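The data block below is structure-v5.pdb; it holds PDB, C-alpha atoms and all ligand atoms.
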```
ATOM      1  CA  MET A 332     163.346 200.122  32.201
ATOM      2  CA  SER A 333     162.582 196.735  33.722
ATOM      3  CA  GLN A 334     160.020 195.346  31.282
ATOM      4  CA  HIS A 335     161.537 191.903  31.066
ATOM      5  CA  ASN A 336     158.290 189.975  31.467
ATOM      6  CA  SER A 337     156.773 190.810  28.056
ATOM      7  CA  VAL A 338     157.685 187.257  26.968
ATOM      8  CA  THR A 339     157.960 184.220  29.251
ATOM      9  CA  ILE A 340     158.781 180.529  28.902
ATOM     10  CA  THR A 341     155.018 179.847  28.793
ATOM     11  CA  ASP A 342     154.855 181.898  25.576
ATOM     12  CA  VAL A 343     157.772 179.948  24.092
ATOM     13  CA  GLU A 344     156.064 176.663  24.992
ATOM     14  CA  ALA A 345     152.792 177.818  23.405
ATOM     15  CA  ALA A 346     154.732 178.855  20.280
ATOM     16  CA  ALA A 347     156.334 175.391  20.118
ATOM     17  CA  LYS A 348     152.842 173.836  20.086
ATOM     18  CA  ARG A 349     151.680 176.121  17.262
ATOM     19  CA  LEU A 350     154.807 175.311  15.247
ATOM     20  CA  ALA A 351     154.620 171.537  15.761
ATOM     21  CA  GLY A 352     154.173 169.864  12.384
ATOM     22  CA  VAL A 353     154.530 173.214  10.561
ATOM     23  CA  ALA A 354     158.150 174.267  11.213
ATOM     24  CA  HIS A 355     160.980 171.772  10.793
ATOM     25  CA  ARG A 356     162.653 170.368  13.864
ATOM     26  CA  THR A 357     166.088 171.227  12.485
ATOM     27  CA  PRO A 358     169.093 168.924  12.886
ATOM     28  CA  VAL A 359     171.869 169.345  15.450
ATOM     29  CA  LEU A 360     175.301 168.746  13.907
ATOM     30  CA  THR A 361     178.630 168.051  15.587
ATOM     31  CA  SER A 362     182.186 167.971  14.243
ATOM     32  CA  ARG A 363     185.283 166.319  15.707
ATOM     33  CA  THR A 364     187.441 168.974  14.022
ATOM     34  CA  VAL A 365     185.453 171.779  15.648
ATOM     35  CA  ASN A 366     185.636 170.097  19.061
ATOM     36  CA  ASP A 367     189.398 169.626  18.745
ATOM     37  CA  ARG A 368     189.980 173.158  17.579
ATOM     38  CA  THR A 369     187.862 174.759  20.345
ATOM     39  CA  ASN A 370     188.697 172.244  23.096
ATOM     40  CA  ALA A 371     184.944 172.047  23.791
ATOM     41  CA  GLN A 372     181.965 169.875  22.895
ATOM     42  CA  VAL A 373     180.010 171.868  20.347
ATOM     43  CA  PHE A 374     176.420 171.353  19.151
ATOM     44  CA  PHE A 375     175.273 173.318  16.112
ATOM     45  CA  LYS A 376     171.511 173.919  15.889
ATOM     46  CA  CYS A 377     171.133 174.277  12.134
ATOM     47  CA  GLU A 378     168.354 176.746  11.351
ATOM     48  CA  ASN A 379     169.737 177.117   7.832
ATOM     49  CA  PHE A 380     167.637 173.960   7.295
ATOM     50  CA  GLN A 381     164.476 175.666   8.609
ATOM     51  CA  ARG A 382     161.658 176.408   6.138
ATOM     52  CA  THR A 383     162.626 179.534   4.113
ATOM     53  CA  GLY A 384     166.240 178.986   5.178
ATOM     54  CA  SER A 385     166.295 180.687   8.576
ATOM     55  CA  PHE A 386     164.788 180.635  12.089
ATOM     56  CA  LYS A 387     162.618 183.632  11.107
ATOM     57  CA  PHE A 388     159.826 181.279  10.019
ATOM     58  CA  ARG A 389     159.304 180.339  13.677
ATOM     59  CA  GLY A 390     158.478 183.862  14.837
ATOM     60  CA  ALA A 391     156.547 184.837  11.722
ATOM     61  CA  TYR A 392     154.262 181.807  11.828
ATOM     62  CA  ASN A 393     153.759 182.136  15.585
ATOM     63  CA  ALA A 394     152.722 185.789  15.165
ATOM     64  CA  LEU A 395     150.524 185.397  12.059
ATOM     65  CA  SER A 396     148.674 182.368  13.384
ATOM     66  CA  GLN A 397     147.484 184.431  16.380
ATOM     67  CA  LEU A 398     145.810 187.187  14.325
ATOM     68  CA  SER A 399     142.020 187.494  14.386
ATOM     69  CA  GLU A 400     140.012 186.532  11.289
ATOM     70  CA  GLU A 401     139.431 190.225  10.582
ATOM     71  CA  GLN A 402     143.154 191.009  10.842
ATOM     72  CA  LYS A 403     143.983 188.051   8.594
ATOM     73  CA  GLN A 404     141.639 189.402   5.905
ATOM     74  CA  LYS A 405     143.143 192.907   5.986
ATOM     75  CA  GLY A 406     146.601 191.475   5.533
ATOM     76  CA  VAL A 407     150.043 191.946   7.058
ATOM     77  CA  LEU A 408     152.713 194.506   6.386
ATOM     78  CA  THR A 409     156.352 194.249   7.348
ATOM     79  CA  PHE A 410     159.882 195.419   6.560
ATOM     80  CA  SER A 411     162.971 193.245   6.313
ATOM     81  CA  SER A 412     166.407 192.924   4.751
ATOM     82  CA  GLY A 413     165.344 189.482   3.686
ATOM     83  CA  ASN A 414     164.787 186.514   5.945
ATOM     84  CA  HIS A 415     161.818 187.899   7.858
ATOM     85  CA  ALA A 416     160.344 188.800   4.467
ATOM     86  CA  GLN A 417     160.535 185.240   3.164
ATOM     87  CA  ALA A 418     159.349 183.858   6.474
ATOM     88  CA  THR A 419     156.338 186.186   6.620
ATOM     89  CA  ALA A 420     155.515 185.522   2.971
ATOM     90  CA  LEU A 421     155.463 181.748   3.524
ATOM     91  CA  ALA A 422     153.522 182.017   6.786
ATOM     92  CA  GLY A 423     151.025 184.235   4.930
ATOM     93  CA  GLN A 424     150.733 181.704   2.130
ATOM     94  CA  LEU A 425     150.112 178.850   4.595
ATOM     95  CA  LEU A 426     147.550 180.855   6.585
ATOM     96  CA  ASN A 427     145.950 182.548   3.584
ATOM     97  CA  ILE A 428     146.951 186.092   4.624
ATOM     98  CA  PRO A 429     148.006 188.702   2.017
ATOM     99  CA  ILE A 430     151.526 190.040   2.765
ATOM    100  CA  THR A 431     153.233 193.326   1.759
ATOM    101  CA  ILE A 432     156.957 193.678   2.474
ATOM    102  CA  ALA A 433     159.231 196.743   2.310
ATOM    103  CA  MET A 434     162.719 195.472   1.355
ATOM    104  CA  PRO A 435     166.005 197.325   0.671
ATOM    105  CA  GLU A 436     166.772 197.379  -3.066
ATOM    106  CA  ASP A 437     170.250 195.956  -2.384
ATOM    107  CA  ALA A 438     168.902 192.925  -0.491
ATOM    108  CA  PRO A 439     170.446 189.678  -1.790
ATOM    109  CA  ALA A 440     168.734 188.626  -5.038
ATOM    110  CA  VAL A 441     167.974 185.162  -3.638
ATOM    111  CA  LYS A 442     166.031 186.752  -0.777
ATOM    112  CA  LEU A 443     164.049 189.064  -3.093
ATOM    113  CA  SER A 444     163.083 186.330  -5.510
ATOM    114  CA  ALA A 445     162.231 183.842  -2.747
ATOM    115  CA  THR A 446     159.955 186.401  -1.079
ATOM    116  CA  ARG A 447     158.102 186.997  -4.345
ATOM    117  CA  GLY A 448     158.025 183.246  -4.920
ATOM    118  CA  TYR A 449     156.048 182.731  -1.706
ATOM    119  CA  GLY A 450     153.492 185.243  -2.949
ATOM    120  CA  GLY A 451     154.626 188.296  -0.947
ATOM    121  CA  GLU A 452     154.232 191.742  -2.558
ATOM    122  CA  VAL A 453     157.619 193.507  -2.357
ATOM    123  CA  VAL A 454     158.010 197.330  -2.137
ATOM    124  CA  LEU A 455     161.667 198.294  -2.713
ATOM    125  CA  TYR A 456     163.441 201.234  -0.988
ATOM    126  CA  ASN A 457     166.933 202.707  -0.775
ATOM    127  CA  ARG A 458     168.295 201.981   2.696
ATOM    128  CA  LYS A 459     170.670 204.995   2.637
ATOM    129  CA  GLN A 460     167.847 207.458   1.968
ATOM    130  CA  THR A 461     164.787 205.938   3.595
ATOM    131  CA  ASN A 462     163.977 205.034   7.177
ATOM    132  CA  ARG A 463     162.297 201.669   6.766
ATOM    133  CA  GLU A 464     160.029 202.048   9.751
ATOM    134  CA  GLU A 465     158.689 205.364   8.454
ATOM    135  CA  LEU A 466     158.133 203.795   5.051
ATOM    136  CA  ALA A 467     156.293 200.858   6.603
ATOM    137  CA  GLN A 468     154.158 203.302   8.583
ATOM    138  CA  THR A 469     153.279 205.174   5.370
ATOM    139  CA  LEU A 470     152.301 201.912   3.671
ATOM    140  CA  LEU A 471     150.231 200.997   6.704
ATOM    141  CA  THR A 472     148.337 204.274   6.517
ATOM    142  CA  GLU A 473     147.758 203.822   2.776
ATOM    143  CA  ARG A 474     146.802 200.142   2.791
ATOM    144  CA  GLY A 475     145.621 199.234   6.278
ATOM    145  CA  GLY A 476     146.397 195.868   7.833
ATOM    146  CA  VAL A 477     148.585 194.732  10.718
ATOM    147  CA  MET A 478     152.291 195.455  11.035
ATOM    148  CA  ILE A 479     154.402 192.482  12.123
ATOM    149  CA  PRO A 480     157.958 193.764  12.668
ATOM    150  CA  PRO A 481     160.972 191.443  12.332
ATOM    151  CA  TYR A 482     161.992 191.297  15.993
ATOM    152  CA  ASP A 483     160.276 193.801  18.295
ATOM    153  CA  HIS A 484     157.075 191.868  18.962
ATOM    154  CA  PRO A 485     156.354 189.409  21.795
ATOM    155  CA  HIS A 486     154.975 186.706  19.450
ATOM    156  CA  ILE A 487     158.085 186.971  17.263
ATOM    157  CA  VAL A 488     160.418 186.662  20.268
ATOM    158  CA  ALA A 489     158.476 183.663  21.626
ATOM    159  CA  GLY A 490     158.599 181.892  18.252
ATOM    160  CA  GLN A 491     162.350 182.475  17.861
ATOM    161  CA  GLY A 492     162.904 180.947  21.312
ATOM    162  CA  THR A 493     161.676 177.557  20.114
ATOM    163  CA  ALA A 494     164.958 176.734  18.334
ATOM    164  CA  ALA A 495     166.979 176.855  21.580
ATOM    165  CA  LYS A 496     164.203 174.908  23.316
ATOM    166  CA  GLU A 497     164.533 172.104  20.748
ATOM    167  CA  LEU A 498     168.329 172.154  20.985
ATOM    168  CA  ILE A 499     168.252 171.656  24.765
ATOM    169  CA  GLU A 500     165.571 168.953  24.494
ATOM    170  CA  GLU A 501     167.887 167.111  22.110
ATOM    171  CA  VAL A 502     171.335 167.514  23.715
ATOM    172  CA  GLY A 503     170.524 168.139  27.388
ATOM    173  CA  GLU A 504     172.875 170.041  29.694
ATOM    174  CA  LEU A 505     174.822 172.959  28.203
ATOM    175  CA  ASP A 506     177.341 175.305  29.849
ATOM    176  CA  LEU A 507     177.064 177.995  27.205
ATOM    177  CA  LEU A 508     174.747 178.993  24.362
ATOM    178  CA  LEU A 509     176.039 181.342  21.653
ATOM    179  CA  VAL A 510     173.480 183.266  19.594
ATOM    180  CA  CYS A 511     173.893 185.926  16.921
ATOM    181  CA  CYS A 512     172.175 189.263  17.401
ATOM    182  CA  GLY A 513     170.589 191.787  15.043
ATOM    183  CA  GLY A 514     167.501 193.305  16.638
ATOM    184  CA  GLY A 515     167.689 190.771  19.448
ATOM    185  CA  GLY A 516     164.576 188.680  18.749
ATOM    186  CA  LEU A 517     166.470 185.399  18.405
ATOM    187  CA  LEU A 518     168.827 186.242  21.264
ATOM    188  CA  SER A 519     166.139 187.193  23.773
ATOM    189  CA  GLY A 520     163.866 184.270  22.822
ATOM    190  CA  SER A 521     166.802 181.841  23.072
ATOM    191  CA  ALA A 522     167.851 183.243  26.452
ATOM    192  CA  ILE A 523     164.303 182.938  27.863
ATOM    193  CA  ALA A 524     164.034 179.335  26.621
ATOM    194  CA  THR A 525     167.474 178.446  28.014
ATOM    195  CA  LYS A 526     167.305 180.051  31.459
ATOM    196  CA  ALA A 527     163.936 178.393  32.167
ATOM    197  CA  VAL A 528     165.411 174.903  31.983
ATOM    198  CA  LEU A 529     169.175 175.455  32.424
ATOM    199  CA  PRO A 530     169.525 178.455  34.762
ATOM    200  CA  LYS A 531     173.302 177.957  35.019
ATOM    201  CA  CYS A 532     173.877 177.911  31.257
ATOM    202  CA  ARG A 533     175.485 181.186  30.153
ATOM    203  CA  VAL A 534     173.959 182.877  27.111
ATOM    204  CA  ILE A 535     176.219 185.123  25.055
ATOM    205  CA  GLY A 536     175.092 187.265  22.117
ATOM    206  CA  VAL A 537     177.380 187.865  19.128
ATOM    207  CA  GLU A 538     177.404 190.833  16.744
ATOM    208  CA  PRO A 539     179.619 192.028  13.914
ATOM    209  CA  GLU A 540     182.179 194.625  15.111
ATOM    210  CA  LEU A 541     180.781 196.954  12.428
ATOM    211  CA  ALA A 542     177.257 196.704  13.890
ATOM    212  CA  ASP A 543     178.045 196.594  17.613
ATOM    213  CA  ASP A 544     175.060 198.624  18.859
ATOM    214  CA  ALA A 545     173.581 195.810  20.983
ATOM    215  CA  THR A 546     176.970 195.069  22.563
ATOM    216  CA  ARG A 547     177.326 198.755  23.529
ATOM    217  CA  SER A 548     173.709 198.825  24.711
ATOM    218  CA  PHE A 549     174.361 195.754  26.833
ATOM    219  CA  HIS A 550     177.467 197.192  28.477
ATOM    220  CA  THR A 551     176.051 200.689  29.042
ATOM    221  CA  LYS A 552     172.540 199.414  29.882
ATOM    222  CA  THR A 553     171.036 202.125  27.664
ATOM    223  CA  LEU A 554     169.960 201.968  24.038
ATOM    224  CA  GLN A 555     172.847 202.613  21.611
ATOM    225  CA  THR A 556     172.474 202.784  17.836
ATOM    226  CA  VAL A 557     174.499 202.241  14.668
ATOM    227  CA  ASN A 558     173.865 203.904  11.319
ATOM    228  CA  ASN A 559     173.680 201.756   8.138
ATOM    229  CA  PRO A 560     176.561 199.450   9.095
ATOM    230  CA  GLU A 561     178.392 197.976   6.082
ATOM    231  CA  THR A 562     178.923 194.508   7.542
ATOM    232  CA  ILE A 563     178.557 191.523   5.188
ATOM    233  CA  ALA A 564     176.295 190.022   7.872
ATOM    234  CA  ASP A 565     173.181 191.600   6.382
ATOM    235  CA  GLY A 566     170.862 190.003   8.960
ATOM    236  CA  ALA A 567     172.648 191.981  11.706
ATOM    237  CA  ARG A 568     172.520 195.425  10.060
ATOM    238  CA  THR A 569     169.610 196.429  12.306
ATOM    239  CA  PRO A 570     170.367 199.852  13.829
ATOM    240  CA  TYR A 571     169.181 199.160  17.388
ATOM    241  CA  LEU A 572     167.589 196.695  19.770
ATOM    242  CA  GLY A 573     163.834 197.028  20.146
ATOM    243  CA  LYS A 574     161.644 198.374  22.940
ATOM    244  CA  ILE A 575     160.771 194.797  23.820
ATOM    245  CA  THR A 576     164.103 193.120  23.093
ATOM    246  CA  LEU A 577     166.390 195.592  24.931
ATOM    247  CA  PRO A 578     164.991 194.886  28.419
ATOM    248  CA  LEU A 579     164.874 191.140  27.655
ATOM    249  CA  VAL A 580     168.511 191.114  26.520
ATOM    250  CA  LEU A 581     169.566 193.147  29.588
ATOM    251  CA  HIS A 582     167.717 190.779  31.910
ATOM    252  CA  TYR A 583     168.417 187.330  30.429
ATOM    253  CA  VAL A 584     171.707 187.565  28.519
ATOM    254  CA  ASP A 585     175.046 187.096  30.338
ATOM    255  CA  ASP A 586     177.381 188.846  27.917
ATOM    256  CA  MET A 587     177.746 190.261  24.398
ATOM    257  CA  VAL A 588     180.819 190.077  22.162
ATOM    258  CA  THR A 589     181.737 191.122  18.611
ATOM    259  CA  VAL A 590     183.598 189.485  15.714
ATOM    260  CA  SER A 591     185.460 191.076  12.791
ATOM    261  CA  GLU A 592     184.477 190.847   9.119
ATOM    262  CA  GLU A 593     187.573 188.682   8.508
ATOM    263  CA  ALA A 594     186.497 186.331  11.306
ATOM    264  CA  ILE A 595     183.040 186.033   9.709
ATOM    265  CA  LEU A 596     184.537 185.107   6.331
ATOM    266  CA  ARG A 597     187.056 182.643   7.788
ATOM    267  CA  THR A 598     184.282 180.949   9.777
ATOM    268  CA  MET A 599     181.970 180.709   6.750
ATOM    269  CA  PHE A 600     184.745 179.056   4.801
ATOM    270  CA  PHE A 601     185.689 176.712   7.654
ATOM    271  CA  LEU A 602     182.117 175.575   8.348
ATOM    272  CA  TRP A 603     181.268 175.078   4.689
ATOM    273  CA  GLU A 604     184.362 172.922   4.375
ATOM    274  CA  ARG A 605     183.948 170.983   7.613
ATOM    275  CA  LEU A 606     180.170 170.690   8.141
ATOM    276  CA  LYS A 607     179.452 170.650   4.352
ATOM    277  CA  ILE A 608     176.516 172.994   4.800
ATOM    278  CA  VAL A 609     175.690 176.389   3.285
ATOM    279  CA  ILE A 610     175.529 179.151   5.905
ATOM    280  CA  GLU A 611     175.023 182.877   5.261
ATOM    281  CA  PRO A 612     177.381 185.472   6.805
ATOM    282  CA  THR A 613     174.994 186.362   9.667
ATOM    283  CA  GLY A 614     174.469 182.661  10.287
ATOM    284  CA  VAL A 615     178.099 182.105  11.339
ATOM    285  CA  LEU A 616     178.390 184.961  13.873
ATOM    286  CA  ALA A 617     177.877 182.765  16.943
ATOM    287  CA  ALA A 618     180.229 180.082  15.622
ATOM    288  CA  ALA A 619     182.857 182.723  14.792
ATOM    289  CA  ALA A 620     183.016 183.897  18.410
ATOM    290  CA  LEU A 621     183.969 180.365  19.449
ATOM    291  CA  LEU A 622     186.162 179.327  16.520
ATOM    292  CA  GLU A 623     188.106 182.595  16.531
ATOM    293  CA  GLY A 624     188.712 182.363  20.283
ATOM    294  CA  VAL A 625     186.744 185.505  21.215
ATOM    295  CA  VAL A 626     184.941 183.264  23.704
ATOM    296  CA  LYS A 627     187.099 180.544  25.313
ATOM    297  CA  VAL A 628     185.431 177.760  27.298
ATOM    298  CA  PRO A 629     187.753 174.739  27.563
ATOM    299  CA  GLY A 630     185.952 171.512  28.435
ATOM    300  CA  ALA A 631     182.483 173.061  28.139
ATOM    301  CA  ARG A 632     179.374 171.821  26.368
ATOM    302  CA  VAL A 633     178.457 174.609  23.984
ATOM    303  CA  GLY A 634     175.339 175.177  21.907
ATOM    304  CA  VAL A 635     175.737 177.335  18.804
ATOM    305  CA  ILE A 636     172.782 178.555  16.787
ATOM    306  CA  ILE A 637     173.430 178.622  13.050
ATOM    307  CA  SER A 638     170.700 181.126  12.196
ATOM    308  CA  GLY A 639     170.321 180.909   8.416
ATOM    309  CA  GLY A 640     171.637 179.839   5.044
ATOM    310  CA  ASN A 641     170.314 182.319   2.492
ATOM    311  CA  VAL A 642     173.352 183.529   0.607
ATOM    312  CA  ASP A 643     173.756 184.551  -3.034
ATOM    313  CA  LEU A 644     176.032 181.711  -4.131
ATOM    314  CA  GLY A 645     176.851 183.597  -7.320
ATOM    315  CA  LYS A 646     178.357 186.412  -5.247
ATOM    316  CA  VAL A 647     180.156 184.294  -2.700
ATOM    317  CA  GLY A 648     183.329 183.899  -4.731
ATOM    318  CA  GLN A 649     183.787 187.678  -4.652
ATOM    319  CA  LEU A 650     183.558 187.711  -0.837
ATOM    320  CA  PHE A 651     186.588 185.476  -0.582
ATOM    321  CA  LEU A 652     188.620 187.394  -3.209
ATOM    322  CA  ASN A 653     188.374 190.757  -1.467
TER     323      ASN A 653
HETATM  324  C1  LIG B 701     167.239 188.101  11.350
HETATM  325  C2  LIG B 701     168.456 187.271  11.407
HETATM  326  C3  LIG B 701     169.362 187.392  12.466
HETATM  327  C4  LIG B 701     169.166 188.379  13.588
HETATM  328  O1  LIG B 701     168.008 188.094  14.322
HETATM  329  P1  LIG B 701     167.380 189.169  15.321
HETATM  330  O2  LIG B 701     166.202 188.500  15.904
HETATM  331  O3  LIG B 701     167.052 190.401  14.536
HETATM  332  O4  LIG B 701     168.453 189.456  16.320
HETATM  333  C5  LIG B 701     170.448 186.558  12.476
HETATM  334  N1  LIG B 701     170.683 185.654  11.491
HETATM  335  C6  LIG B 701     169.845 185.511  10.459
HETATM  336  C7  LIG B 701     170.151 184.504   9.410
HETATM  337  C8  LIG B 701     168.697 186.308  10.380
HETATM  338  O5  LIG B 701     167.868 186.162   9.351
END
```

In structure tokens, write the structure found in this file.
Ligand SMILES: *Cc1c(COP(=O)(O)O)cnc(C)c1O
Amino acid sequence: MSQHNSVTITDVEAAAKRLAGVAHRTPVLTSRTVNDRTNAQVFFKCENFQRTGSFKFRGAYNALSQLSEEQKQKGVLTFSSGNHAQATALAGQLLNIPITIAMPEDAPAVKLSATRGYGGEVVLYNRKQTNREELAQTLLTERGGVMIPPYDHPHIVAGQGTAAKELIEEVGELDLLLVCCGGGGLLSGSAIATKAVLPKCRVIGVEPELADDATRSFHTKTLQTVNNPETIADGARTPYLGKITLPLVLHYVDDMVTVSEEAILRTMFFLWERLKIVIEPTGVLAAAALLEGVVKVPGARVGVIISGGNVDLGKVGQLFLN
């Protein structure tokens, strides 16, 4: 399995051109407190400020804008625990493409209502009883159209890589880039974008301990899976890396680490308090690896991708009481 050329830096650069003027160039934040605590110089690329509240808009728009006129008319189908749903719905609205999305019925209410708000048609399913890919396939057979999956697609990976590209354009040299990992679209895109311009910069992927399939896949070099993990990081509940993302992660990524549920909660709290920005549980994974000392890099310049900010604020109090 050496298919690591399905996406290249040329694809990321082309995606950046398509996204120019459509996606936000999100801010990079720094914090003296964070630098002191980690003994490093840390740059947060804040994709919680991206359109629809996560980096997923980058990949979705990059993929949808490359469909043929005929494909655009037939519409797009996808499945998502939330952020890819909103991203695809908005991209569809902007490009005039009808969108159908299979979403788990326990997806955060903010994500469900935002997806419907952008005009996406939502089909709910029970994630304990239904395999979402099979369901999506059934819907595809019934309705026709193109399937755009949340991570295992070269145009998605290329689009996701544009966030790291912007970060490096803005801050220059980095010794390390930390990126969260679900299905590996953001991680592989970020690693491709980084290694092309900063070959010495290490790229480390971060997962929840409870959903550590990619970390095990990375270390064993064969695909490992996890079954319906109960992590609060709902964007990282994906059961396995994809056919496209596994070889890319194996080729471009330097290491993979995991963080505990407690570390995720402590980091959410800390970053809300210190950076004054709303970040969802999955969005703090990369930061948690650094702030909790799982990854130690004294004196280094470190990029951290904050991947999203879509969290049910009404339910957040409960998270911190448990
Ligand atoms: C989808 C998502 C992830 C994981 O991205 P993958 O490309 O599946 O690895 C991480 N954080 C947020 C906020 C997401 O929406």

**Prompt:** Near A:Ala494, counting all atoms listed in the file, which residues have an atom at most 8 Å away, once you skip same-chain residues fewer than 3 positions from it, shown as a PyMOL selection string?
**Reply:** chain A and resi 376+378+386+491+497-498+521

Name each residue within 9 Å of ligand LIG 701 (chain B), counting all atoms listed in the file, as a PyMOL selection string. chain A and resi 378-379+384-387+411-415+481-483+487-488+491+510-520+564-569+572+576+610-616+637-641

Neighbour list for A:Val477 as a short mmCIF file (atom, residue, chain, number, x, y, z; two decimals) with C-alpha atoms, keeping the file's coordinate frame, cut-off 9 Å, all atoms listed in the file, skip fewer than 6 positions in-chain:
```
data_model
loop_
_atom_site.label_atom_id
_atom_site.label_comp_id
_atom_site.auth_asym_id
_atom_site.auth_seq_id
_atom_site.Cartn_x
_atom_site.Cartn_y
_atom_site.Cartn_z
CA LEU A 398 145.81 187.19 14.32
CA GLN A 402 143.15 191.01 10.84
CA LYS A 403 143.98 188.05 8.59
CA LYS A 405 143.14 192.91 5.99
CA GLY A 406 146.60 191.48 5.53
CA VAL A 407 150.04 191.95 7.06
CA LEU A 408 152.71 194.51 6.39
CA THR A 409 156.35 194.25 7.35
CA LEU A 471 150.23 201.00 6.70
#
```

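Considering all atoms listed in the file, the residue among A:Asn366, A:Thr469, A:Glu540, A:Pro485 positioned nearest to A:Lys574 is A:Pro485.
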
If I put a ball of radius 10 Å at (175.2, 175.4, 17.3) in the file's coordinates, which residues poke into it when counting all atoms listed in the file, written as an NGL selection string? :A and (358-361 or 373-378 or 495 or 498 or 508-510 or 615 or 617-618 or 633-638)

*asked:* Residue by residue, what does the PyMOL selection byres (((chain A and resi 546-562) around 10) and not hetatm) grab here? Present the result as a VMD selection string.
replied: chain A and resid 332 458 to 459 512 536 to 545 563 to 574 577 to 578 580 to 582 584 to 589 591 to 592 595 612 to 613

Calculate how many Å separate atom CA of A:Ala433 from atom CA of A:Glu465, rounding to one decimal.
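According to the coordinates, atom CA of A:Ala433 and atom CA of A:Glu465 are separated by 10.6 Å.
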
Open item on the list: Just the number, please: distance in Å from atom CA of A:Val528 to atom CA of A:Ala422, one decimal.
Closed with: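 A separation of 28.8 Å between them.
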
Point (154.4, 197.6, 5.3), cut-off 12 Å, counting only C-alpha atoms, residues as number ranges by chain: A: 406-411, 416, 419, 429-434, 451-456, 463-481

query: Quick one: of A:Gln397, A:Asn370, A:Thr357, A:Asn427, who's nearest to A:Gly624, counting all atoms listed in the file?
result: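 Closest to A:Gly624 of all the choices is A:Asn370.
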
| If you measure from atom CA of A:Ala346 to atom CA of A:His486, what distance in Å do you get, rounded to one decimal? |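 Calculated distance between atom CA of A:Ala346 and atom CA of A:His486 is 7.9 Å.
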
Legend entry - Residues selected by the PyMOL selection byres (((chain A and resi 629) around 8) and not hetatm), written as a PyMOL selection string: chain A and resi 369-371+627-628+630-631

Box dimensions and centre (Å, one decimal) enclosing stretch 615-628 of chain A, axis-aligned, 3 Å extra per side, as lines of an AutoDock Vina configuration file:
```
center_x = 183.3
center_y = 181.6
center_z = 19.3
size_x = 16.8
size_y = 13.7
size_z = 22.0
```
